[in-house]
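Colleague: One structure is given below, represented as structure tokens, and several questions about it will come after.
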Amino acid sequence: MIVFMCATVVREAGSDVHSLVEELHLEAVEGRPALLVCGGADDLRGEELARARTLLGAAVAIATKLSGATVIDGGTATGVMALVGAARQARSDALPVLVGVAPAGLVVAPGSTSDDRGRVPLEPHHTHFALADSGEWGGETPLLFRLAEALARDAPVVTLMAGGGSVALAEAQESAKRGWPLFVIERTGGTADAVASSRASGASEDPVLREIASIGDVRCFDGSNPDQLARQLAWELQDEPVLRKAWVTFAGYDALATRLRRSFERTQVSILTLGAIATLVGLLHEEIGTPVLHWAAVATPLVVSTLIALAARRAAGKRWVLLRAAAEAIKAEIYRYRTRTAVYNDALLSGDNPAARQQVLARQLDAIEGRLMQTEASSGALRPYDGPLPPPMYGAAKDDDGLSEMDARSYLRIRVGDQLAYYTRRTDRLERRRNLFQVLAITGGGAGAILAAAGLEIWIGLSTAISAAALSYLGYLQVDNTIVAYNQTAAKLRALDREHGGRASQSLDAATFDSLVGRCEAALATELGGWVQQMNEALEELQARQDEAARKVQEER
């Protein structure tokens with residue numbers, strides 16, 4: 001063993017990688033996830049280098065801080081390894097362990113210059129170096145993967161790649177064979193772009209690229225925000241299977257609820273619009289009396305009646321409300337779990353069972369899904385979610401990895417910040433919608449008075465129908481009540497943020513933190529419960545009115 005400045009350097013001796021781990025004094029990080037960084041050394045230049053510099057180091061540092069992963073790379077002071085080393089220099093707290101693996105015959109001590117035999121210096125900000133018994137580039141690849149596997153044990157291993165040549169291609173192939181997620185930063189050239197292109201097209205002349213595309217778990221990143229890349233890396237690095245399933249279930253219910261809400265609203269707008277059109281056609285038929293208008297006057301109410309029957313059959317309104325309630329209940333459990341509060345508090349769990357917390361979450365999820373399946377929500381297709389994970393959120397939560405344990409500061413920033421951003425966005429939309437339909441309702445009423453004054457009483461029915469349709473739309477969507485509920489709950493959340501935000505910079509004691517989370521979740525649950533009750537009552541009233549309207553159409557036929 002050799003010590004260069006603050007780095008421990010060990011040369012490979014034999015095939016016992018566990019002895020190498022002991023010599024490197026890395027026993028403390030065994031069992032943690034591992035992040036393997038591969039890619040370009042001297043071939044990263046120009047815009048490709050600039051893009052890698054913007055994304056790679058920052059994303060690795062953030063993902064490592066979130067997941068506690070051990071970072072392993074090629075160790076030399078070039079290309080992606082230099083970028084990771086610079087990230088550790090800037091944020092050593094986020095990258096406490098940075099292991100470089102390189103061929104012993106091609107490297108020299110950190111801080112040296114390249115010599116005439118092609119040897120290059122090791123990157124000076126790495127904490128450990130494992131030198132493979134080899135004198136050629138790529139000779140270190142077997143040790144790189146054996147060391148990553150030995151350090152991670154059963155924890156996840158993720159590979160991140162930018163640029164790269166033949167050695168990086170071999171590392172990508174090895175990652176694919178082992179089933180490790182392979183993240184490639186697009187537009188960094190070399191192997192990274194070749195892998196991304198092969199995955200997108202599904203074809204390549206290179207058999208190795210074809211193999212990677214066919215069997216590899218390849219994730220292509222084309223964004224420009226290192227926080228977003230870090231979020232995706234941290235999601236894969238953390239071993240939280242039940243929490244992952246909770247997010248998948250939440251995202252599935254949330255996405256389906258959104259689709260059903262939009263479908264329900266479109267259907268109701270169609271019914272109300274056709275109702276007004278039916279009134280207009282009837283009035284025109286009274287005035288003109290052509291055969292075309294006669295059949296239009298007969299057909300339009302029938303179409304309305306059919307839409308009402310279809311809406312009742314699909315029950316999109318009730319299903320939407322029930323799915324939204326279930327999704328929000330699951331989200332509340334996710335944040336209680338991540339804050340280790342309520343039933344997930346260490347004091348309430350079995351100390352000798354490391355999986356106890358996950359078991360509690362599984363039971364809570366089963367209870368929520370069990371209740372949901374006893375409702376009308378189960379009467380239609382529950383499509384599986386296939387979007388990004390964790391699902392996109394609002395405001396502060398957009399860069400949350402979805403799995404990391406949360407303290408008071410992160411809870412207030414992410415959970416409370418997310419909800420406040422949601423309430424702001426929704427109340428703005430609802431306010432605009434309310435203003436529009438209130439104008440329609442008032443205009444319709446005013447038009448009726450003008451028509452009466454002008455002696456055109458026959459057209460008053462149309463203006464009345466338009467005004468009634470606008471008011472009905474606002475009524476069954478409970479726009480006024482929803483805006484009030486959102487504003488009231490947002491005020492409670494802001495008060496809690498003010499109360500605890502200043503102290504959250506320091507660690508809150510367990511009891512205070514538990515109280516903070518409990519009060520926030522109770523405020524959100526109260527708003528949700530009131531909204532669900534109001535919506536159900538509005539939907540039942542709407543259904544009764546539409547059933548009566550459909551019955552009258554049938555009688556007239």
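Residue numbering restarts at 1 for every chain of the structure tokens, chains are lettered A, B, ... in their displayed order, and ligands are numbered from 1 as they appear.
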Got a sec: who's within 6 Å of range 32-38 of chain A, counting only C-alpha atoms, leaving out chain neighbours fewer than 4 positions off, as a count of residues only?
Modeller: 14
Colleague: With a cut-off of 12 Å, could you pull out the residues of range 48-156 of chain A touching range 203-224 of chain A and give me the nearest pair of atoms for each, distance in Å to one decimal, using only C-alpha atoms, ordered by chain and ascending number, as CSV?
Modeller:
```
residue,atom,partner,partner_atom,distance
A:Ala50,CA,A:Ser224,CA,11.2
A:Arg51,CA,A:Ser224,CA,7.9
A:Ala52,CA,A:Ser224,CA,9.8
A:Arg53,CA,A:Ser224,CA,11.0
A:Thr54,CA,A:Ser224,CA,7.9
A:Leu55,CA,A:Ser224,CA,7.0
A:Leu56,CA,A:Ser224,CA,10.4
A:Ala58,CA,A:Ser224,CA,11.6
A:Ala59,CA,A:Ser224,CA,10.8
```
Colleague: Point out the residue among A:Arg415, A:Arg178, A:Arg319, A:Arg357 with the least atom-to-atom distance to Leu516 in chain A, counting only C-alpha atoms.
Modeller: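 That would be A:Arg415, the residue with the smallest distance to Leu516 in chain A.
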Colleague: For CA of Ala170 in chain A and CA of Arg187 in chain A, quote the distance in Å rounded to one decimal.
Modeller: 19.6 Å
Colleague: Quick one: residues within 12 Å of Asp16 in chain A, only C-alpha atoms, excluding same-chain residues fewer than 6 positions away - as number ranges by chain?
Modeller: A: 22-23, 143, 146-147, 150
Colleague: Now that the selection is made, can you save its residues with C-alpha atoms as a short mmCIF file (atom, residue, chain, number, x, y, z; two decimals), in the first residue's frame?
Modeller:
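What ended up in part.cif:
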```cif
data_model
loop_
_atom_site.label_atom_id
_atom_site.label_comp_id
_atom_site.auth_asym_id
_atom_site.auth_seq_id
_atom_site.Cartn_x
_atom_site.Cartn_y
_atom_site.Cartn_z
CA GLU A 22 -9.44 -4.47 3.18
CA GLU A 23 -6.12 -3.01 2.05
CA LEU A 143 -10.96 -5.08 -11.65
CA ARG A 146 -15.20 -6.74 -9.54
CA LEU A 147 -14.44 -3.93 -7.11
CA ALA A 150 -17.61 -6.30 -4.02
#
```
Colleague: As a ChimeraX atom specification, please: the residues near Leu471 in chain A (cut-off 10 Å, only C-alpha atoms, same-chain neighbours under 5 positions excluded).
Modeller: /A:434,437-438,440-442,465-466,476
Colleague: Can you write out the residues you just picked, keeping C-alpha atoms, as a short mmCIF file (atom, residue, chain, number, x, y, z; two decimals), in the first residue's frame?
Modeller:
```cif
data_model
loop_
_atom_site.label_atom_id
_atom_site.label_comp_id
_atom_site.auth_asym_id
_atom_site.auth_seq_id
_atom_site.Cartn_x
_atom_site.Cartn_y
_atom_site.Cartn_z
CA ARG A 434 -64.85 31.01 -12.94
CA PHE A 437 -68.30 31.31 -17.02
CA GLN A 438 -69.59 34.02 -14.69
CA LEU A 440 -71.22 34.02 -19.78
CA ALA A 441 -73.92 33.65 -17.12
CA ILE A 442 -74.26 37.40 -16.55
CA ALA A 465 -80.13 28.31 -21.49
CA ILE A 466 -76.63 29.77 -21.96
CA TYR A 476 -70.88 20.63 -10.56
#
```
Colleague: Can you list, as JSON, numbers by chain, every residue of range 41-269 of chain A that DSSP puts in strand (DSSP E or B)?
Modeller: {"A": [70, 71, 72, 73, 76, 98, 99, 100, 101, 102, 103, 107, 108, 120, 121, 122, 128, 129, 130, 131, 132, 157, 158, 159, 160, 161, 162, 181, 182, 183, 184, 185, 217, 218, 219, 220, 221]}
Colleague: Write to file, as a compact mmCIF listing (two decimals), in the first residue's frame, the residues of the selection just made, with N, CA and C atoms.
Modeller:
```txt
# COMPACT_ATOMS: atom_id res chain seq x y z
N THR A 70 -20.98 4.99 -3.25
CA THR A 70 -19.55 5.07 -3.47
C THR A 70 -19.32 5.28 -4.96
N VAL A 71 -18.50 6.27 -5.31
CA VAL A 71 -18.25 6.57 -6.72
C VAL A 71 -16.93 5.93 -7.14
N ILE A 72 -16.97 5.25 -8.29
CA ILE A 72 -15.80 4.56 -8.81
C ILE A 72 -15.61 4.99 -10.27
N ASP A 73 -14.37 5.36 -10.64
CA ASP A 73 -14.11 5.72 -12.02
C ASP A 73 -12.71 5.29 -12.43
N THR A 76 -7.81 8.67 -13.57
CA THR A 76 -6.78 9.53 -14.14
C THR A 76 -7.24 10.98 -14.18
N LEU A 98 -14.15 8.50 -3.20
CA LEU A 98 -14.01 8.50 -4.66
C LEU A 98 -12.86 7.57 -5.02
N VAL A 99 -13.18 6.44 -5.63
CA VAL A 99 -12.21 5.39 -5.90
C VAL A 99 -11.86 5.40 -7.38
N GLY A 100 -10.57 5.43 -7.69
CA GLY A 100 -10.12 5.34 -9.06
C GLY A 100 -9.48 3.98 -9.33
N VAL A 101 -9.79 3.40 -10.47
CA VAL A 101 -9.22 2.10 -10.87
C VAL A 101 -8.51 2.30 -12.20
N ALA A 102 -7.22 2.02 -12.25
CA ALA A 102 -6.43 2.28 -13.46
C ALA A 102 -5.37 1.19 -13.62
N PRO A 103 -4.83 1.03 -14.84
CA PRO A 103 -3.75 0.06 -15.05
C PRO A 103 -2.45 0.56 -14.44
N VAL A 107 0.11 4.66 -15.29
CA VAL A 107 -0.19 5.84 -14.48
C VAL A 107 1.01 6.22 -13.63
N VAL A 108 1.04 7.48 -13.25
CA VAL A 108 2.06 7.99 -12.33
C VAL A 108 1.36 8.71 -11.20
N VAL A 120 0.09 8.47 -17.54
CA VAL A 120 -0.61 9.72 -17.21
C VAL A 120 -0.79 9.82 -15.70
N PRO A 121 -0.89 11.02 -15.17
CA PRO A 121 -1.02 11.19 -13.72
C PRO A 121 -2.41 10.78 -13.22
N LEU A 122 -2.45 10.30 -11.99
CA LEU A 122 -3.71 10.03 -11.32
C LEU A 122 -4.33 11.35 -10.86
N HIS A 128 -9.06 7.08 -2.99
CA HIS A 128 -8.47 5.74 -3.06
C HIS A 128 -8.17 5.40 -4.52
N PHE A 129 -7.12 4.63 -4.72
CA PHE A 129 -6.79 4.11 -6.04
C PHE A 129 -6.53 2.61 -5.96
N ALA A 130 -7.13 1.87 -6.85
CA ALA A 130 -6.84 0.44 -7.01
C ALA A 130 -6.19 0.27 -8.38
N LEU A 131 -4.95 -0.19 -8.40
CA LEU A 131 -4.19 -0.29 -9.65
C LEU A 131 -4.18 -1.73 -10.15
N ALA A 132 -4.74 -1.92 -11.33
CA ALA A 132 -4.79 -3.25 -11.94
C ALA A 132 -3.41 -3.65 -12.45
N VAL A 157 -26.09 -1.00 -8.26
CA VAL A 157 -24.94 -0.42 -8.96
C VAL A 157 -25.47 0.23 -10.23
N VAL A 158 -25.05 1.46 -10.49
CA VAL A 158 -25.49 2.22 -11.66
C VAL A 158 -24.26 2.72 -12.40
N THR A 159 -24.31 2.68 -13.73
CA THR A 159 -23.21 3.18 -14.55
C THR A 159 -23.65 4.47 -15.24
N LEU A 160 -22.75 5.46 -15.21
CA LEU A 160 -22.99 6.75 -15.88
C LEU A 160 -21.88 6.97 -16.89
N MET A 161 -22.25 7.36 -18.10
CA MET A 161 -21.26 7.48 -19.17
C MET A 161 -21.42 8.78 -19.93
N ALA A 162 -20.26 9.39 -20.24
CA ALA A 162 -20.21 10.56 -21.12
C ALA A 162 -19.05 10.37 -22.09
N PRO A 181 -28.35 -0.50 -14.53
CA PRO A 181 -28.82 0.64 -15.32
C PRO A 181 -27.64 1.42 -15.88
N LEU A 182 -27.71 1.75 -17.17
CA LEU A 182 -26.64 2.46 -17.85
C LEU A 182 -27.17 3.81 -18.32
N PHE A 183 -26.76 4.88 -17.64
CA PHE A 183 -27.16 6.23 -18.03
C PHE A 183 -26.12 6.79 -18.99
N VAL A 184 -26.56 7.27 -20.14
CA VAL A 184 -25.64 7.89 -21.09
C VAL A 184 -26.07 9.34 -21.29
N ILE A 185 -25.10 10.23 -21.19
CA ILE A 185 -25.37 11.65 -21.41
C ILE A 185 -25.23 11.93 -22.90
N ASP A 217 -30.14 -2.09 -19.85
CA ASP A 217 -31.11 -1.17 -19.28
C ASP A 217 -30.57 0.24 -19.49
N VAL A 218 -30.72 0.75 -20.71
CA VAL A 218 -30.09 2.01 -21.12
C VAL A 218 -31.04 3.17 -20.86
N ARG A 219 -30.53 4.21 -20.20
CA ARG A 219 -31.30 5.42 -19.93
C ARG A 219 -30.57 6.60 -20.58
N CYS A 220 -31.18 7.20 -21.57
CA CYS A 220 -30.55 8.31 -22.29
C CYS A 220 -30.99 9.63 -21.67
N PHE A 221 -30.02 10.49 -21.35
CA PHE A 221 -30.33 11.79 -20.77
C PHE A 221 -29.96 12.88 -21.76
```
Colleague: Can you pull out every residue within 6 Å of range 267-275 of chain A, counting only C-alpha atoms, but drop anything in the same chain fewer than 2 positions away, and send it as a ChimeraX atom specification?
Modeller: /A:264-265,277-278,304,469
Colleague: Give me every alpha helix (DSSP H) residue in range 130-208 of chain A, going by DSSP on the backbone, as JSON, numbers by chain.
Modeller: {"A": [141, 142, 143, 144, 145, 146, 147, 148, 149, 150, 151, 152, 166, 167, 168, 169, 170, 171, 172, 173, 174, 175, 176, 177, 178, 190, 191, 192, 193, 194, 195, 196, 197, 198, 199, 200, 201, 207, 208]}
Colleague: Report, in Å with one decimal, the straight-line distance from CA of Ala63 in chain A to CA of Ala234 in chain A.
Modeller: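 Those two atoms sit 4.8 Å apart.
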Colleague: Which one of A:Ala7, A:Val21, A:Val242, A:Leu323 sits closest to Glu149 in chain A if you count only C-alpha atoms?
Modeller: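 Distance minimum relative to Glu149 in chain A lands on A:Val21.
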Colleague: Please provide the set of residues having any atom within 10 Å of range 386-402 of chain A, restricted to only C-alpha atoms, with same-chain residues fewer than 4 positions apart removed, written as a VMD selection string.
Modeller: chain A and resid 63 66 to 67 225 to 236 238 243 to 244 247 to 248 250 to 252 254 to 255 334 to 335 338 406 410 to 423 425
Colleague: Taking N, CA and C atoms for each residue, export the selection above as a CSV table (one decimal), in the first residue's frame.
Modeller:
```csv
chain,number,residue,atom,x,y,z
A,63,ALA,N,-26.3,13.2,-6.6
A,63,ALA,CA,-26.8,11.9,-6.5
A,63,ALA,C,-26.1,11.1,-5.3
A,66,LEU,N,-27.4,12.3,-2.0
A,66,LEU,CA,-28.8,11.7,-1.7
A,66,LEU,C,-28.8,10.3,-1.4
A,67,SER,N,-27.9,9.5,-2.0
A,67,SER,CA,-28.0,8.0,-1.9
A,67,SER,C,-26.9,7.4,-1.1
A,225,ASN,N,-30.2,20.0,-17.2
A,225,ASN,CA,-30.2,20.3,-15.7
A,225,ASN,C,-29.5,19.2,-15.0
A,226,PRO,N,-28.4,19.5,-14.3
A,226,PRO,CA,-27.8,18.4,-13.5
A,226,PRO,C,-28.6,17.9,-12.4
A,227,ASP,N,-29.5,18.7,-11.8
A,227,ASP,CA,-30.4,18.3,-10.8
A,227,ASP,C,-31.3,17.2,-11.3
A,228,GLN,N,-31.8,17.3,-12.5
A,228,GLN,CA,-32.7,16.3,-13.1
A,228,GLN,C,-32.0,15.0,-13.3
A,229,LEU,N,-30.7,15.0,-13.8
A,229,LEU,CA,-29.9,13.8,-13.9
A,229,LEU,C,-29.6,13.2,-12.6
A,230,ALA,N,-29.3,14.0,-11.6
A,230,ALA,CA,-29.0,13.5,-10.3
A,230,ALA,C,-30.2,12.8,-9.7
A,231,ARG,N,-31.4,13.4,-9.9
A,231,ARG,CA,-32.6,12.8,-9.4
A,231,ARG,C,-32.8,11.4,-10.0
A,232,GLN,N,-32.6,11.2,-11.3
A,232,GLN,CA,-32.8,9.9,-11.9
A,232,GLN,C,-31.7,8.9,-11.4
A,233,LEU,N,-30.5,9.4,-11.2
A,233,LEU,CA,-29.4,8.5,-10.7
A,233,LEU,C,-29.8,8.1,-9.3
A,234,ALA,N,-30.2,9.0,-8.4
A,234,ALA,CA,-30.5,8.7,-7.0
A,234,ALA,C,-31.6,7.8,-6.9
A,235,TRP,N,-32.6,7.9,-7.8
A,235,TRP,CA,-33.7,7.0,-7.8
A,235,TRP,C,-33.3,5.5,-8.0
A,236,GLU,N,-32.3,5.3,-8.9
A,236,GLU,CA,-31.9,4.0,-9.2
A,236,GLU,C,-30.9,3.4,-8.2
A,238,GLN,N,-30.9,3.9,-4.9
A,238,GLN,CA,-31.5,3.6,-3.5
A,238,GLN,C,-32.3,2.3,-3.5
A,243,LEU,N,-41.2,1.5,-1.4
A,243,LEU,CA,-41.4,2.9,-1.6
A,243,LEU,C,-41.5,3.2,-3.1
A,244,ARG,N,-40.7,2.5,-3.9
A,244,ARG,CA,-40.8,2.6,-5.4
A,244,ARG,C,-42.2,2.2,-5.9
A,247,TRP,N,-44.7,4.9,-5.2
A,247,TRP,CA,-44.7,6.0,-6.2
A,247,TRP,C,-45.3,5.5,-7.5
A,248,VAL,N,-45.1,4.3,-7.9
A,248,VAL,CA,-45.7,3.8,-9.1
A,248,VAL,C,-47.2,3.8,-9.0
A,250,PHE,N,-49.1,5.5,-6.8
A,250,PHE,CA,-49.5,6.9,-6.8
A,250,PHE,C,-49.6,7.5,-8.2
A,251,ALA,N,-48.5,7.4,-9.0
A,251,ALA,CA,-48.5,7.9,-10.3
A,251,ALA,C,-49.5,7.4,-11.2
A,252,GLY,N,-49.8,6.1,-11.1
A,252,GLY,CA,-50.8,5.5,-11.9
A,252,GLY,C,-52.2,6.0,-11.6
A,254,ASP,N,-52.9,8.9,-10.0
A,254,ASP,CA,-52.9,10.3,-10.3
A,254,ASP,C,-53.1,10.5,-11.8
A,255,ALA,N,-52.4,9.8,-12.6
A,255,ALA,CA,-52.5,10.0,-14.1
A,255,ALA,C,-53.9,9.6,-14.6
A,334,ILE,N,-46.3,8.2,1.7
A,334,ILE,CA,-44.9,8.3,1.2
A,334,ILE,C,-44.1,9.3,2.0
A,335,TYR,N,-44.7,10.4,2.3
A,335,TYR,CA,-43.9,11.4,3.0
A,335,TYR,C,-43.8,11.1,4.5
A,338,ARG,N,-40.9,8.7,4.5
A,338,ARG,CA,-39.6,9.4,4.3
A,338,ARG,C,-39.2,10.3,5.4
A,406,MET,N,-36.0,12.4,4.7
A,406,MET,CA,-36.2,13.8,4.7
A,406,MET,C,-36.1,14.4,6.1
A,410,SER,N,-36.0,19.8,4.3
A,410,SER,CA,-36.4,19.2,3.0
A,410,SER,C,-37.9,18.9,2.9
A,411,TYR,N,-38.5,18.5,4.1
A,411,TYR,CA,-40.0,18.3,4.1
A,411,TYR,C,-40.7,19.6,3.8
A,412,LEU,N,-40.3,20.7,4.4
A,412,LEU,CA,-41.0,22.0,4.1
A,412,LEU,C,-40.7,22.4,2.7
A,413,ARG,N,-39.5,22.2,2.2
A,413,ARG,CA,-39.2,22.7,0.9
A,413,ARG,C,-39.9,21.9,-0.2
A,414,ILE,N,-39.9,20.5,0.0
A,414,ILE,CA,-40.4,19.7,-1.0
A,414,ILE,C,-41.9,19.4,-0.9
A,415,ARG,N,-42.3,18.8,0.2
A,415,ARG,CA,-43.7,18.5,0.4
A,415,ARG,C,-44.6,19.7,0.5
A,416,VAL,N,-44.3,20.6,1.4
A,416,VAL,CA,-45.1,21.8,1.6
A,416,VAL,C,-45.0,22.7,0.4
A,417,GLY,N,-43.7,22.9,-0.1
A,417,GLY,CA,-43.5,23.7,-1.3
A,417,GLY,C,-44.3,23.2,-2.5
A,418,ASP,N,-44.3,21.9,-2.7
A,418,ASP,CA,-45.0,21.2,-3.8
A,418,ASP,C,-46.5,21.5,-3.7
A,419,GLN,N,-47.1,21.4,-2.5
A,419,GLN,CA,-48.5,21.6,-2.4
A,419,GLN,C,-48.9,23.1,-2.6
A,420,LEU,N,-48.0,24.0,-2.0
A,420,LEU,CA,-48.3,25.4,-2.2
A,420,LEU,C,-48.2,25.8,-3.7
A,421,ALA,N,-47.3,25.2,-4.4
A,421,ALA,CA,-47.2,25.5,-5.9
A,421,ALA,C,-48.4,24.9,-6.6
A,422,TYR,N,-48.9,23.7,-6.2
A,422,TYR,CA,-50.1,23.1,-6.8
A,422,TYR,C,-51.3,24.0,-6.5
A,423,TYR,N,-51.5,24.5,-5.3
A,423,TYR,CA,-52.6,25.3,-4.9
A,423,TYR,C,-52.6,26.6,-5.7
A,425,ARG,N,-51.2,27.2,-8.6
A,425,ARG,CA,-51.5,26.9,-10.0
A,425,ARG,C,-52.9,26.6,-10.3
```
Colleague: Using only C-alpha atoms for the distances, tell me which of A:Phe513, A:Trp531, A:Tyr473, A:Phe145 is nearest to Tyr486 in chain A.
Modeller: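 When distances to Tyr486 in chain A are compared using only C-alpha atoms, the smallest one comes from A:Trp531.
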Colleague: Report as a PDB file with C-alpha atoms, in the first residue's frame all protein, DNA and RNA residues lying within 7 Å of Trp320 in chain A, evaluated on only C-alpha atoms, omitting residues in the same chain fewer than 4 positions from it.
Modeller:
```pdb
ATOM      1  CA  ALA A 257     -57.604  10.549 -12.265  1.00  0.00           C
ATOM      2  CA  LEU A 260     -60.895  10.869 -16.182  1.00  0.00           C
ATOM      3  CA  ARG A 261     -61.305  14.448 -14.946  1.00  0.00           C
ATOM      4  CA  ALA A 316     -65.931   9.118 -14.919  1.00  0.00           C
ATOM      5  CA  ARG A 324     -57.666  11.356  -6.704  1.00  0.00           C
TER       6      ARG A 324
END
```
